[in-house]
file my_file08.pdb (PDB, C-alpha atoms, pLDDT in the B column)
ATOM      1  CA  MET A 184     -60.961 -35.356 -16.322  1.00 87.00           C
ATOM      2  CA  THR A 185     -62.619 -33.118 -13.725  1.00 93.00           C
ATOM      3  CA  ARG A 186     -65.650 -34.148 -11.709  1.00 94.00           C
ATOM      4  CA  GLU A 187     -67.707 -31.665 -13.703  1.00 95.00           C
ATOM      5  CA  ASP A 188     -66.535 -33.397 -16.903  1.00 96.00           C
ATOM      6  CA  THR A 189     -67.528 -36.773 -15.464  1.00 96.00           C
ATOM      7  CA  VAL A 190     -71.015 -35.472 -14.678  1.00 97.00           C
ATOM      8  CA  ARG A 191     -71.389 -34.057 -18.191  1.00 97.00           C
ATOM      9  CA  HIS A 192     -70.326 -37.423 -19.661  1.00 98.00           C
ATOM     10  CA  TYR A 193     -72.829 -39.155 -17.365  1.00 98.00           C
ATOM     11  CA  TYR A 194     -75.754 -37.181 -18.808  1.00 97.00           C
ATOM     12  CA  SER A 195     -74.433 -37.622 -22.334  1.00 97.00           C
ATOM     13  CA  ALA A 196     -74.426 -41.395 -21.799  1.00 97.00           C
ATOM     14  CA  TRP A 197     -78.111 -41.213 -20.754  1.00 96.00           C
ATOM     15  CA  GLU A 198     -78.889 -39.359 -23.978  1.00 96.00           C
ATOM     16  CA  LYS A 199     -76.969 -41.934 -26.033  1.00 96.00           C
ATOM     17  CA  LYS A 200     -78.537 -44.854 -24.126  1.00 96.00           C
ATOM     18  CA  GLU A 201     -75.101 -46.266 -23.228  1.00 97.00           C
ATOM     19  CA  TRP A 202     -75.415 -48.067 -19.901  1.00 97.00           C
ATOM     20  CA  ASN A 203     -71.883 -49.468 -20.097  1.00 97.00           C
ATOM     21  CA  LEU A 204     -70.459 -45.928 -20.036  1.00 97.00           C
ATOM     22  CA  ILE A 205     -72.548 -45.044 -16.987  1.00 97.00           C
ATOM     23  CA  ASP A 206     -71.707 -48.299 -15.249  1.00 97.00           C
ATOM     24  CA  GLY A 207     -68.004 -47.568 -15.722  1.00 97.00           C
ATOM     25  CA  MET A 208     -68.406 -44.188 -13.983  1.00 97.00           C
ATOM     26  CA  LEU A 209     -69.980 -45.682 -10.844  1.00 98.00           C
ATOM     27  CA  ALA A 210     -67.896 -46.543  -7.798  1.00 97.00           C
ATOM     28  CA  ASP A 211     -68.131 -49.819  -5.932  1.00 95.00           C
ATOM     29  CA  GLY A 212     -70.865 -49.358  -3.350  1.00 96.00           C
ATOM     30  CA  PHE A 213     -72.716 -46.784  -5.505  1.00 97.00           C
ATOM     31  CA  THR A 214     -76.110 -45.610  -4.188  1.00 96.00           C
ATOM     32  CA  PHE A 215     -78.968 -43.627  -5.719  1.00 95.00           C
ATOM     33  CA  ILE A 216     -81.531 -41.725  -3.660  1.00 93.00           C
ATOM     34  CA  SER A 217     -84.681 -39.895  -4.765  1.00 86.00           C
ATOM     35  CA  PRO A 218     -88.062 -39.044  -3.265  1.00 79.00           C
ATOM     36  CA  ASN A 219     -89.616 -41.395  -5.845  1.00 72.00           C
ATOM     37  CA  ASP A 220     -89.491 -44.512  -3.656  1.00 65.00           C
ATOM     38  CA  SER A 221     -85.772 -44.891  -4.360  1.00 60.00           C
ATOM     39  CA  ASP A 222     -84.096 -45.008  -0.971  1.00 74.00           C
ATOM     40  CA  ARG A 223     -80.459 -46.010  -1.420  1.00 87.00           C
ATOM     41  CA  LEU A 224     -80.691 -48.126  -4.533  1.00 93.00           C
ATOM     42  CA  ASN A 225     -77.509 -50.030  -5.265  1.00 94.00           C
ATOM     43  CA  ARG A 226     -76.045 -50.208  -8.779  1.00 95.00           C
ATOM     44  CA  ARG A 227     -78.143 -53.219  -9.835  1.00 95.00           C
ATOM     45  CA  GLU A 228     -81.361 -51.736  -8.420  1.00 93.00           C
ATOM     46  CA  PHE A 229     -80.571 -48.365 -10.022  1.00 93.00           C
ATOM     47  CA  HIS A 230     -80.138 -50.080 -13.389  1.00 94.00           C
ATOM     48  CA  THR A 231     -83.339 -52.112 -13.003  1.00 92.00           C
ATOM     49  CA  LYS A 232     -85.524 -49.283 -11.717  1.00 88.00           C
ATOM     50  CA  CYS A 233     -84.135 -46.150 -13.398  1.00 87.00           C
ATOM     51  CA  TRP A 234     -82.462 -47.218 -16.634  1.00 90.00           C
ATOM     52  CA  PRO A 235     -85.742 -48.002 -18.456  1.00 88.00           C
ATOM     53  CA  GLU A 236     -86.479 -44.243 -18.244  1.00 84.00           C
ATOM     54  CA  ALA A 237     -83.617 -43.630 -20.685  1.00 88.00           C
ATOM     55  CA  GLY A 238     -85.956 -44.686 -23.477  1.00 89.00           C
ATOM     56  CA  TRP A 239     -88.132 -41.601 -23.137  1.00 88.00           C
ATOM     57  CA  ILE A 240     -85.314 -39.100 -22.518  1.00 91.00           C
ATOM     58  CA  LYS A 241     -84.403 -37.014 -25.547  1.00 94.00           C
ATOM     59  CA  ARG A 242     -81.801 -34.688 -24.056  1.00 95.00           C
ATOM     60  CA  PHE A 243     -80.618 -32.787 -21.010  1.00 95.00           C
ATOM     61  CA  ASP A 244     -79.887 -29.079 -20.850  1.00 94.00           C
ATOM     62  CA  LEU A 245     -77.394 -28.783 -17.994  1.00 95.00           C
ATOM     63  CA  GLU A 246     -78.293 -25.358 -16.648  1.00 92.00           C
ATOM     64  CA  SER A 247     -75.876 -25.358 -13.726  1.00 92.00           C
ATOM     65  CA  VAL A 248     -72.953 -27.630 -12.847  1.00 95.00           C
ATOM     66  CA  ALA A 249     -71.140 -26.609  -9.667  1.00 94.00           C
ATOM     67  CA  ALA A 250     -68.407 -28.538  -7.863  1.00 92.00           C
ATOM     68  CA  ARG A 251     -67.896 -28.240  -4.135  1.00 87.00           C
ATOM     69  CA  ASP A 252     -65.583 -30.369  -1.998  1.00 84.00           C
ATOM     70  CA  SER A 253     -66.197 -33.997  -3.010  1.00 83.00           C
ATOM     71  CA  GLY A 254     -69.498 -33.301  -4.759  1.00 93.00           C
ATOM     72  CA  VAL A 255     -71.114 -31.723  -7.786  1.00 96.00           C
ATOM     73  CA  PHE A 256     -74.545 -30.088  -7.874  1.00 95.00           C
ATOM     74  CA  VAL A 257     -76.419 -30.166 -11.187  1.00 95.00           C
ATOM     75  CA  ARG A 258     -79.628 -28.449 -12.209  1.00 92.00           C
ATOM     76  CA  TYR A 259     -80.976 -29.648 -15.514  1.00 91.00           C
ATOM     77  CA  LEU A 260     -83.924 -29.374 -17.812  1.00 89.00           C
ATOM     78  CA  CYS A 261     -84.754 -32.798 -19.233  1.00 89.00           C
ATOM     79  CA  HIS A 262     -86.586 -32.968 -22.553  1.00 89.00           C
ATOM     80  CA  THR A 263     -88.605 -36.101 -23.237  1.00 88.00           C
ATOM     81  CA  ARG A 264     -89.285 -37.750 -26.585  1.00 89.00           C
ATOM     82  CA  ASN A 265     -92.953 -36.796 -26.380  1.00 86.00           C
ATOM     83  CA  GLY A 266     -92.254 -33.057 -26.233  1.00 86.00           C
ATOM     84  CA  ARG A 267     -92.491 -32.582 -22.475  1.00 83.00           C
ATOM     85  CA  SER A 268     -89.827 -31.313 -20.093  1.00 84.00           C
ATOM     86  CA  PHE A 269     -89.054 -31.174 -16.386  1.00 83.00           C
ATOM     87  CA  ARG A 270     -86.325 -29.874 -14.085  1.00 85.00           C
ATOM     88  CA  ASN A 271     -84.406 -31.772 -11.433  1.00 88.00           C
ATOM     89  CA  ILE A 272     -81.472 -31.056  -9.175  1.00 92.00           C
ATOM     90  CA  GLU A 273     -78.996 -33.842  -8.487  1.00 94.00           C
ATOM     91  CA  TYR A 274     -76.068 -33.996  -6.109  1.00 96.00           C
ATOM     92  CA  PHE A 275     -73.189 -36.293  -7.078  1.00 97.00           C
ATOM     93  CA  GLN A 276     -70.674 -37.448  -4.465  1.00 97.00           C
ATOM     94  CA  PHE A 277     -67.401 -38.940  -5.594  1.00 96.00           C
ATOM     95  CA  SER A 278     -65.002 -41.506  -4.268  1.00 93.00           C
ATOM     96  CA  ASP A 279     -61.675 -41.064  -5.974  1.00 87.00           C
ATOM     97  CA  GLU A 280     -62.790 -40.211  -9.505  1.00 90.00           C
ATOM     98  CA  LYS A 281     -65.902 -42.395  -9.596  1.00 96.00           C
ATOM     99  CA  ILE A 282     -69.508 -41.472  -8.760  1.00 97.00           C
ATOM    100  CA  ALA A 283     -70.195 -42.855  -5.268  1.00 97.00           C
ATOM    101  CA  SER A 284     -73.760 -41.602  -4.924  1.00 97.00           C
ATOM    102  CA  ILE A 285     -76.431 -39.507  -6.586  1.00 96.00           C
ATOM    103  CA  GLU A 286     -79.219 -37.770  -4.700  1.00 94.00           C
ATOM    104  CA  CYS A 287     -82.046 -36.600  -6.954  1.00 92.00           C
ATOM    105  CA  TYR A 288     -84.375 -33.796  -5.868  1.00 89.00           C
ATOM    106  CA  PHE A 289     -87.572 -32.812  -7.626  1.00 79.00           C
ATOM    107  CA  GLY A 290     -90.528 -30.781  -6.517  1.00 50.00           C
ATOM    108  CA  GLY A 291     -94.208 -30.563  -7.108  1.00 44.00           C
ATOM    109  CA  GLN A 292     -97.001 -31.911  -4.990  1.00 38.00           C
ATOM    110  CA  GLN A 293     -97.225 -35.079  -7.061  1.00 38.00           C
ATOM    111  CA  GLY A 294     -93.545 -35.988  -7.050  1.00 40.00           C
ATOM    112  CA  HIS A 295     -91.644 -36.971 -10.167  1.00 50.00           C
ATOM    113  CA  PRO A 296     -93.690 -36.027 -13.221  1.00 52.00           C
ATOM    114  CA  SER A 297     -94.631 -38.795 -15.586  1.00 49.00           C
ATOM    115  CA  GLN A 298     -93.545 -38.647 -19.190  1.00 47.00           C
ATOM    116  CA  ASN A 299     -97.242 -39.172 -19.889  1.00 48.00           C
ATOM    117  CA  ALA A 300     -98.400 -36.046 -18.061  1.00 51.00           C
ATOM    118  CA  SER A 301     -99.958 -33.295 -20.129  1.00 51.00           C
ATOM    119  CA  VAL A 302     -97.956 -30.178 -20.936  1.00 49.00           C
ATOM    120  CA  GLU A 303    -100.296 -28.139 -18.737  1.00 56.00           C
ATOM    121  CA  GLU A 304     -99.877 -30.568 -15.823  1.00 54.00           C
ATOM    122  CA  MET A 305     -96.080 -30.547 -16.193  1.00 45.00           C
ATOM    123  CA  GLU A 306     -96.024 -26.749 -16.211  1.00 50.00           C
ATOM    124  CA  ARG A 307     -98.281 -26.584 -13.166  1.00 50.00           C
ATOM    125  CA  ILE A 308     -96.266 -29.137 -11.216  1.00 46.00           C
ATOM    126  CA  LEU A 309     -92.857 -27.785 -12.086  1.00 45.00           C
ATOM    127  CA  SER A 310     -93.487 -24.174 -13.075  1.00 45.00           C
ATOM    128  CA  VAL A 311     -91.348 -24.807 -16.165  1.00 43.00           C
ATOM    129  CA  ASP A 312     -91.467 -22.461 -19.113  1.00 42.00           C
ATOM    130  CA  ARG A 313     -91.355 -24.426 -22.338  1.00 37.00           C
ATOM    131  CA  PRO A 314     -88.759 -23.247 -24.860  1.00 38.00           C
TER     132      PRO A 314
END

call {"tool": "encode", "arguments": {"input": "my_file08.pdb", "output": "structure tokens"}}
result
Amino acid sequence: MTREDTVRHYYSAWEKKEWNLIDGMLADGFTFISPNDSDRLNRREFHTKCWPEAGWIKRFDLESVAARDSGVFVRYLCHTRNGRSFRNIEYFQFSDEKIASIECYFGGQQGHPSQNASVEEMERILSVDRP
């Protein structure tokens, strides 16, 4: 399996709400970083802080998946269960064939948009065109 395949399976596991699949993809010493008060979360902290968000995720449209050296850049459009959407960019670094770290980047003056934000607010923050 290529690193790009691993990343695609990672997002699929989020959609299916299968933590055990994700956990099996993560390397020992895994870290997660985002501008949303998530500075170098370890695996347990990542699960505790981020996994509850899986409940409101409907699906990901992976718009770009590009491998370079030991990493993979991904740009996606995430659709939530309440009809909203937002874009993020994530950078995956690998150790052997496992995900060693993920750095999540999102824009907007208010940081990561809430699944409770209005459609108008989401569009303003992220400049996302709804399908």

call {"tool": "resolve_selection", "arguments": {"input": "my_file08.pdb", "expression": "the PyMOL selection byres ((chain A and resi 256) around 6)", "output": "MDAnalysis selection string"}}
result
chainID A and resid 248:249 255 257 273:274

call {"tool": "atom_distance", "arguments": {"input": "my_file08.pdb", "atom1": "CA of Tyr259 in chain A", "atom2": "CA of Asn271 in chain A"}}
result
5.7 Å

call {"tool": "closest_residue", "arguments": {"input": "my_file08.pdb", "among": "A:Ile240, A:Val190, A:Cys261, A:Cys233", "to": "Ile216 in chain A", "atoms": "only C-alpha atoms"}}
result
A:Cys233

call {"tool": "closest_residue", "arguments": {"input": "my_file08.pdb", "among": "A:Ile272, A:Leu204, A:Leu224, A:Ala283", "to": "Ser247 in chain A", "atoms": "only C-alpha atoms"}}
result
A:Ile272

call {"tool": "closest_residue", "arguments": {"input": "my_file08.pdb", "among": "A:Phe289, A:Thr189, A:Ile282, A:Asp252", "to": "Phe213 in chain A", "atoms": "all atoms listed in the file"}}
result
A:Ile282

call {"tool": "atom_distance", "arguments": {"input": "my_file08.pdb", "atom1": "CA of Trp239 in chain A", "atom2": "CA of Gly254 in chain A"}}
result
27.5 Å

call {"tool": "closest_residue", "arguments": {"input": "my_file08.pdb", "among": "A:Lys200, A:Arg186, A:Arg223, A:Arg251", "to": "Glu236 in chain A", "atoms": "all atoms listed in the file"}}
result
A:Lys200

call {"tool": "resolve_selection", "arguments": {"input": "my_file08.pdb", "expression": "the PyMOL selection byres ((chain A and resi 225) around 7)", "output": "PDB file with C-alpha atoms, in the coordinates of the input"}}
result
ATOM      1  CA  GLY A 212     -70.865 -49.358  -3.350  1.00 96.00           C
ATOM      2  CA  PHE A 213     -72.716 -46.784  -5.505  1.00 97.00           C
ATOM      3  CA  THR A 214     -76.110 -45.610  -4.188  1.00 96.00           C
ATOM      4  CA  PHE A 215     -78.968 -43.627  -5.719  1.00 95.00           C
ATOM      5  CA  ARG A 223     -80.459 -46.010  -1.420  1.00 87.00           C
ATOM      6  CA  LEU A 224     -80.691 -48.126  -4.533  1.00 93.00           C
ATOM      7  CA  ARG A 226     -76.045 -50.208  -8.779  1.00 95.00           C
ATOM      8  CA  ARG A 227     -78.143 -53.219  -9.835  1.00 95.00           C
ATOM      9  CA  GLU A 228     -81.361 -51.736  -8.420  1.00 93.00           C
ATOM     10  CA  PHE A 229     -80.571 -48.365 -10.022  1.00 93.00           C
TER      11      PHE A 229
END

call {"tool": "closest_residue", "arguments": {"input": "my_file08.pdb", "among": "A:Ala210, A:Leu260, A:Ala196, A:Ile205", "to": "Phe243 in chain A", "atoms": "all atoms listed in the file"}}
result
A:Leu260

call {"tool": "closest_residue", "arguments": {"input": "my_file08.pdb", "among": "A:Trp202, A:Arg242, A:Met208, A:Pro218", "to": "Phe275 in chain A", "atoms": "only C-alpha atoms"}}
result
A:Met208

call {"tool": "atom_distance", "arguments": {"input": "my_file08.pdb", "atom1": "CA of Tyr194 in chain A", "atom2": "CA of Ser217 in chain A"}}
result
16.9 Å

call {"tool": "axis_aligned_box", "arguments": {"input": "my_file08.pdb", "around": "range 210-215 of chain A", "padding_each_side": "4 Å", "output": "JSON"}}
result
{"center_x": -73.4, "center_y": -46.7, "center_z": -5.6, "size_x": 19.1, "size_y": 14.2, "size_z": 12.4}
